[in-house]
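Report on the structure given below.
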Amino acid sequence: MQQYMPEICWHDRKGILSVDFHPLVKDGRYRIATSSMQKEVRIWEFGYVMPRNEHVVAFLANMACHNTSINVVRFAPVATENLLASGDSEGRIVIWSLSDQPPAPTPDDDMPVNKENWVRQRVLNHEEDVSALVWSPDGKMLASVGHDCNLLVHEVSTGKRTICLRNLRNFPNGITWDPRGKYLITLSKDRKMDILDCVKGTKLKAIAMAELPARSIGGLHAEAKPYRLWHDDQLASFQRGLQFSPCAAQLEVGTQDVFGVWIFKRTEIDKEKPFALLPTEKATFVVRMCPVIFKLVDGEKQNYSGLPYRIIWVALTVSQIYFFDSQHMQAIGYIDNIHYNSLTDASWSSDGQQLVVSSLEGYNSFFRLTMSEWGEVLADEQRPPPPPSPQLIKVRKRKVKTKEEAGGDEERSSETDNALSQVMTQGTPKHETPKTPKTPKAKRPAIASTPTSTPKLTKFFPRPQEKTAENNEAGAAQPEPQVVTIGDEQTDNSASTAAKDDDSSVQFIEVRRQRRVELKTLEP
């Protein structure tokens with residue numbers, strides 16, 4: 001393995017936050033994308049010049065669309081698509097595509113001329129900082145998590161949001177997509193790992209603690225008890241990178257107090273318990289899998305994973321790089337103190353021969369691997385089929401009905417069918433309500449024929465007098481008293497009328513309704 005550190009101001013001596021390889025390797029030339037605390041994304045190309053294998057880096061493009069620091073950049077896994085996604089601290093995600101048109105002239109005289117024309121295709125948005133991005137295996141979907149505690153999945157070609165899972169966790173800052181297209185797995189600051197359905201977005205499992213047996217790890221004796229698996233929010237890293245193996249058989253994630261890398265088997269992930277722990281000196285925060293699969297080392301009986309092949313990956317701490325594989329319990333490679341500031345990200349080339357590591361001091365380190373030194377590459381046709389996925393959601397079994405219950409259901413169904421047929425032929429039957437018997441009405445008591453008088457009134461309105469010719473004359477005489485005739489009998493109330501004073505009340509006679517009442521006026 002050879003190590004190179006070009007003395008290039010990648011982003012004007014600003015800290016580099018993310019780096020990623022383009023999946024296409026052409027004529028031994030590799031392309032990478034870098035982002036930093038500046039507002040630009042830059043594309044670079046590098047290769048090796050014979051005969052001394054000199055490492056040569058060339059500038060390709062500078063893309064400016066963001067207003068703040070860019071936290072993450074990721075190329076689409078499909079080489080023919082030529083797509084790049086970048087997420088910044090304002091919640092903006094920009095999808096870039098490589099155009100065939102010649103690039104526009106650079107407005108800044110200090111920047112070199114762009115050799116490639118990367119144009120902005122689409123802009124997606126979070127409410128706060130974007131912390132991690134991941135593409136689907138086919139390069140058609142993009143999943144993202146951010147400081148707004150949301151998980152979003154977009155269709156890249158249309159920008160349609162297919163999954164929006166709000167309030168997922170407290171600051172999720174790690175995400176990976178299952179190579180078989182079944183799971184989305186996130187890791188967050190609240191020390192929980194969530195397994196989700198990548199089609200529906202439903203939560204399948206949440207792993208935070210596990211019952212571990214008693215073990216001696218790095219000279220420390222761990223008791224048999226439940227342990228929290230993930231580091232708390234004091235981890236000095238913006239992201240928590242977890243990743244599936246290229247064969248989708250294992251999942252590697254960083255740990256907490258007893259530092260190291262947890263390994264989960266795909267077939268045992270429903271048990272919510274890690275399969276193995278590979279200890280490290282410091283806390284790991286990024287795991288990156290080599291895309292190439294190797295054969296097992298001949299002559300060695302050790303194979304703790306039980307896989308019929310070898311997988312290689314790197315794990316980053318703040319200042320260290322560990323190389324692990326699926327056959328040996330100890331690290332197969334170790335690099336320390338290559339940068340003055342903290343490491344931030346790492347990426348493998350698609351052929352597995354190049355590894356690049358970025359740092360906050362503003363430099364990138366390149367590692368060139370000789371494949372024969374790491375083992376014999378396993379051909380694609382020699383790979384065994386991937387292991388099956390467990391059933392993470394328990395399906396409720398239907399209760400088997402007895403013969404009596406089944407017979408009752410048949411009777412009820414036949415009654416229903418008969419009722420429906422009757423409705424179809426005769427119409428809806430009319431429901432007759434039973435008639436209630438009428439109760440006889442009580443007779444009214446007879447009213448006495450004796451006239452009764454009402455209480456006296458203090459004031460009354462006199463009956464209006466008829467206007468006659470005699471009344472119009474001056475000093476006309478007062479009208480004669482009236483006579484109330486009841487049937488054939490006459491009652492002269494002239495005496496009562498003469499006896500009453502100005503303030504006296506008028507007496508009324510109450511007569512039954514059945515009798516005829518006639519009022520007559522006596523003429524003079």
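Naming scheme: A, B, ... for chains in displayed order of the structure tokens; residues 1 onward per chain; ligands 1 onward as shown.
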
Exercise for review: Do a neighbour search on Pro308 (chain A) at 12 Å with only C-alpha atoms, toss out local chain neighbours closer than 6 positions, and write the hits as a VMD selection string.
Suggested key: chain A and resid 247 249 293 to 298 302 326 to 327 378 382 to 387

Could you pull out the residues in region 240-356 of chain A that DSSP calls helix (DSSP H, G or I) from the backbone, as a short mmCIF file (atom, residue, chain, number, x, y, z; two decimals) with C-alpha atoms, in the first residue's frame?
```
data_model
loop_
_atom_site.label_atom_id
_atom_site.label_comp_id
_atom_site.auth_asym_id
_atom_site.auth_seq_id
_atom_site.Cartn_x
_atom_site.Cartn_y
_atom_site.Cartn_z
CA ARG A 266 -28.39 -9.77 8.15
CA THR A 267 -29.96 -13.08 9.10
CA GLU A 268 -29.84 -12.18 12.82
CA ILE A 269 -30.78 -8.52 12.73
CA ASP A 270 -34.25 -9.33 14.07
CA LYS A 271 -32.63 -10.43 17.36
#
```

Check your understanding: Of the candidates A:Met141, A:Leu187, A:Val258, A:Ile175, which one gets nearest to Lys160 (chain A) if we count only C-alpha atoms?
Key -> A:Met141

Tell me, which residues of region 221-322 of chain A carry DSSP strand (DSSP E or B), written as a PDB file with C-alpha atoms, in the first residue's frame?
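Result file is selection-v6.pdb:
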```pdb
ATOM      1  CA  HIS A 221     -13.574  -7.228  31.877  1.00  0.00           C
ATOM      2  CA  ALA A 222     -17.146  -6.553  30.769  1.00  0.00           C
ATOM      3  CA  LYS A 225     -25.619  -7.175  31.469  1.00  0.00           C
ATOM      4  CA  PRO A 226     -27.490  -4.877  29.057  1.00  0.00           C
ATOM      5  CA  TYR A 227     -25.263  -2.295  27.360  1.00  0.00           C
ATOM      6  CA  ARG A 228     -25.958   0.783  25.296  1.00  0.00           C
ATOM      7  CA  GLY A 241     -21.311   6.643   9.058  1.00  0.00           C
ATOM      8  CA  GLN A 243     -22.715   0.892   5.897  1.00  0.00           C
ATOM      9  CA  PHE A 244     -23.810  -2.454   4.517  1.00  0.00           C
ATOM     10  CA  GLN A 250     -23.281  -7.670   7.264  1.00  0.00           C
ATOM     11  CA  LEU A 251     -23.743  -4.202   8.708  1.00  0.00           C
ATOM     12  CA  GLU A 252     -20.863  -2.347  10.344  1.00  0.00           C
ATOM     13  CA  VAL A 253     -21.428   0.499  12.809  1.00  0.00           C
ATOM     14  CA  GLY A 254     -19.274   2.432  15.316  1.00  0.00           C
ATOM     15  CA  GLY A 260     -14.784  -0.469  18.270  1.00  0.00           C
ATOM     16  CA  VAL A 261     -17.028  -1.581  15.418  1.00  0.00           C
ATOM     17  CA  TRP A 262     -20.232  -3.552  15.907  1.00  0.00           C
ATOM     18  CA  ILE A 263     -21.048  -6.189  13.293  1.00  0.00           C
ATOM     19  CA  PHE A 264     -24.653  -7.229  12.656  1.00  0.00           C
ATOM     20  CA  LYS A 265     -25.519 -10.227  10.525  1.00  0.00           C
ATOM     21  CA  ALA A 276     -19.264  -9.362  16.952  1.00  0.00           C
ATOM     22  CA  LEU A 277     -17.223  -6.419  18.235  1.00  0.00           C
ATOM     23  CA  LEU A 278     -13.876  -5.377  16.746  1.00  0.00           C
ATOM     24  CA  PRO A 279     -12.209  -3.130  19.358  1.00  0.00           C
ATOM     25  CA  VAL A 286     -17.188   6.395   9.843  1.00  0.00           C
ATOM     26  CA  VAL A 287     -17.203   2.920   8.285  1.00  0.00           C
ATOM     27  CA  ARG A 288     -16.623   2.446   4.539  1.00  0.00           C
ATOM     28  CA  MET A 289     -16.824  -0.925   2.766  1.00  0.00           C
ATOM     29  CA  PHE A 294     -11.946 -11.454  -1.922  1.00  0.00           C
ATOM     30  CA  ARG A 310     -13.636 -12.062   2.593  1.00  0.00           C
ATOM     31  CA  ILE A 312     -12.589  -5.574   3.700  1.00  0.00           C
ATOM     32  CA  TRP A 313     -13.556  -2.211   5.202  1.00  0.00           C
ATOM     33  CA  VAL A 314     -11.994   0.797   6.919  1.00  0.00           C
ATOM     34  CA  ALA A 315     -13.071   2.469  10.171  1.00  0.00           C
ATOM     35  CA  LEU A 316     -12.108   6.065  11.015  1.00  0.00           C
ATOM     36  CA  GLN A 320      -6.681   6.765  13.102  1.00  0.00           C
ATOM     37  CA  ILE A 321      -7.533   4.515  10.161  1.00  0.00           C
ATOM     38  CA  TYR A 322      -8.267   0.818  10.806  1.00  0.00           C
TER      39      TYR A 322
END
```

Practice item. Write out as a ChimeraX atom specification each polymer residue whose atoms come within 10 Å of region 338-349 of chain A, counting only C-alpha atoms; drop sequence neighbours fewer than 2 positions from it. Key: /A:3,5,15-25,30-32,72,74,236-239,241,285-292,313-321,335-336,351-367

Same residues, C-alpha atoms, output as a PDB file, in the first residue's frame:
```pdb
ATOM      1  CA  GLN A   3       0.263   6.747   0.548  1.00  0.00           C
ATOM      2  CA  MET A   5      -0.712  13.618   0.143  1.00  0.00           C
ATOM      3  CA  GLY A  15     -11.387  22.291   6.201  1.00  0.00           C
ATOM      4  CA  ILE A  16     -12.674  19.533   3.893  1.00  0.00           C
ATOM      5  CA  LEU A  17     -15.926  18.038   5.183  1.00  0.00           C
ATOM      6  CA  SER A  18     -16.726  15.366   2.599  1.00  0.00           C
ATOM      7  CA  VAL A  19     -15.193  13.463  -0.307  1.00  0.00           C
ATOM      8  CA  ASP A  20     -16.534  10.852  -2.719  1.00  0.00           C
ATOM      9  CA  PHE A  21     -15.403   8.833  -5.775  1.00  0.00           C
ATOM     10  CA  HIS A  22     -17.166   8.812  -9.119  1.00  0.00           C
ATOM     11  CA  PRO A  23     -18.112   5.186  -9.992  1.00  0.00           C
ATOM     12  CA  LEU A  24     -16.532   5.353 -13.474  1.00  0.00           C
ATOM     13  CA  VAL A  25     -12.831   4.572 -13.869  1.00  0.00           C
ATOM     14  CA  TYR A  30     -10.321   8.680 -11.215  1.00  0.00           C
ATOM     15  CA  ARG A  31     -12.656  11.557 -10.444  1.00  0.00           C
ATOM     16  CA  ILE A  32     -13.549  12.753  -6.939  1.00  0.00           C
ATOM     17  CA  VAL A  72     -21.821  16.106   2.356  1.00  0.00           C
ATOM     18  CA  ARG A  74     -22.302  11.875  -2.937  1.00  0.00           C
ATOM     19  CA  ALA A 236     -16.599  14.656  18.244  1.00  0.00           C
ATOM     20  CA  SER A 237     -18.005  14.106  14.767  1.00  0.00           C
ATOM     21  CA  PHE A 238     -20.725  15.624  12.613  1.00  0.00           C
ATOM     22  CA  GLN A 239     -21.693  12.295  11.059  1.00  0.00           C
ATOM     23  CA  GLY A 241     -21.311   6.643   9.058  1.00  0.00           C
ATOM     24  CA  PHE A 285     -17.542   7.447  13.523  1.00  0.00           C
ATOM     25  CA  VAL A 286     -17.188   6.395   9.843  1.00  0.00           C
ATOM     26  CA  VAL A 287     -17.203   2.920   8.285  1.00  0.00           C
ATOM     27  CA  ARG A 288     -16.623   2.446   4.539  1.00  0.00           C
ATOM     28  CA  MET A 289     -16.824  -0.925   2.766  1.00  0.00           C
ATOM     29  CA  CYS A 290     -14.510  -1.946  -0.062  1.00  0.00           C
ATOM     30  CA  PRO A 291     -16.684  -2.775  -3.120  1.00  0.00           C
ATOM     31  CA  VAL A 292     -14.462  -5.722  -4.070  1.00  0.00           C
ATOM     32  CA  TRP A 313     -13.556  -2.211   5.202  1.00  0.00           C
ATOM     33  CA  VAL A 314     -11.994   0.797   6.919  1.00  0.00           C
ATOM     34  CA  ALA A 315     -13.071   2.469  10.171  1.00  0.00           C
ATOM     35  CA  LEU A 316     -12.108   6.065  11.015  1.00  0.00           C
ATOM     36  CA  THR A 317     -11.523   7.630  14.396  1.00  0.00           C
ATOM     37  CA  VAL A 318     -10.494  11.233  14.952  1.00  0.00           C
ATOM     38  CA  SER A 319      -6.871  10.467  14.023  1.00  0.00           C
ATOM     39  CA  GLN A 320      -6.681   6.765  13.102  1.00  0.00           C
ATOM     40  CA  ILE A 321      -7.533   4.515  10.161  1.00  0.00           C
ATOM     41  CA  ILE A 335      -2.527   4.091  10.099  1.00  0.00           C
ATOM     42  CA  ASP A 336      -2.122   6.883  12.654  1.00  0.00           C
ATOM     43  CA  ASP A 351     -12.302  -1.024  -8.455  1.00  0.00           C
ATOM     44  CA  GLY A 352     -11.186  -1.147  -4.796  1.00  0.00           C
ATOM     45  CA  GLN A 353      -7.651   0.023  -5.572  1.00  0.00           C
ATOM     46  CA  GLN A 354      -7.923   3.609  -4.284  1.00  0.00           C
ATOM     47  CA  LEU A 355      -8.906   5.024  -0.913  1.00  0.00           C
ATOM     48  CA  VAL A 356      -9.126   8.751  -0.135  1.00  0.00           C
ATOM     49  CA  VAL A 357      -9.436  10.243   3.372  1.00  0.00           C
ATOM     50  CA  SER A 358     -10.249  13.919   4.056  1.00  0.00           C
ATOM     51  CA  SER A 359      -9.447  16.075   7.101  1.00  0.00           C
ATOM     52  CA  LEU A 360     -10.268  19.424   8.679  1.00  0.00           C
ATOM     53  CA  GLU A 361      -6.800  20.755   7.974  1.00  0.00           C
ATOM     54  CA  GLY A 362      -7.733  21.074   4.310  1.00  0.00           C
ATOM     55  CA  TYR A 363      -5.782  18.149   2.803  1.00  0.00           C
ATOM     56  CA  ASN A 364      -6.663  14.743   1.390  1.00  0.00           C
ATOM     57  CA  SER A 365      -4.652  11.538   1.778  1.00  0.00           C
ATOM     58  CA  PHE A 366      -4.664   8.927  -1.010  1.00  0.00           C
ATOM     59  CA  PHE A 367      -3.876   5.253  -0.496  1.00  0.00           C
TER      60      PHE A 367
END
```

Exercise for review: Name the residues in contact with region 78-88 of chain A at a cut-off of 7 Å, using only C-alpha atoms, excluding same-chain residues fewer than 2 positions from it; report them as number ranges by chain.
Suggested key: A: 23-24, 66, 68-76, 90-98, 129-130, 138-139

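In this comparison, which uses only C-alpha atoms, the residue of A:Cys9, A:Ala210, A:Ala331, A:Val41 approaching Phe275 (chain A) most closely is A:Ala210.
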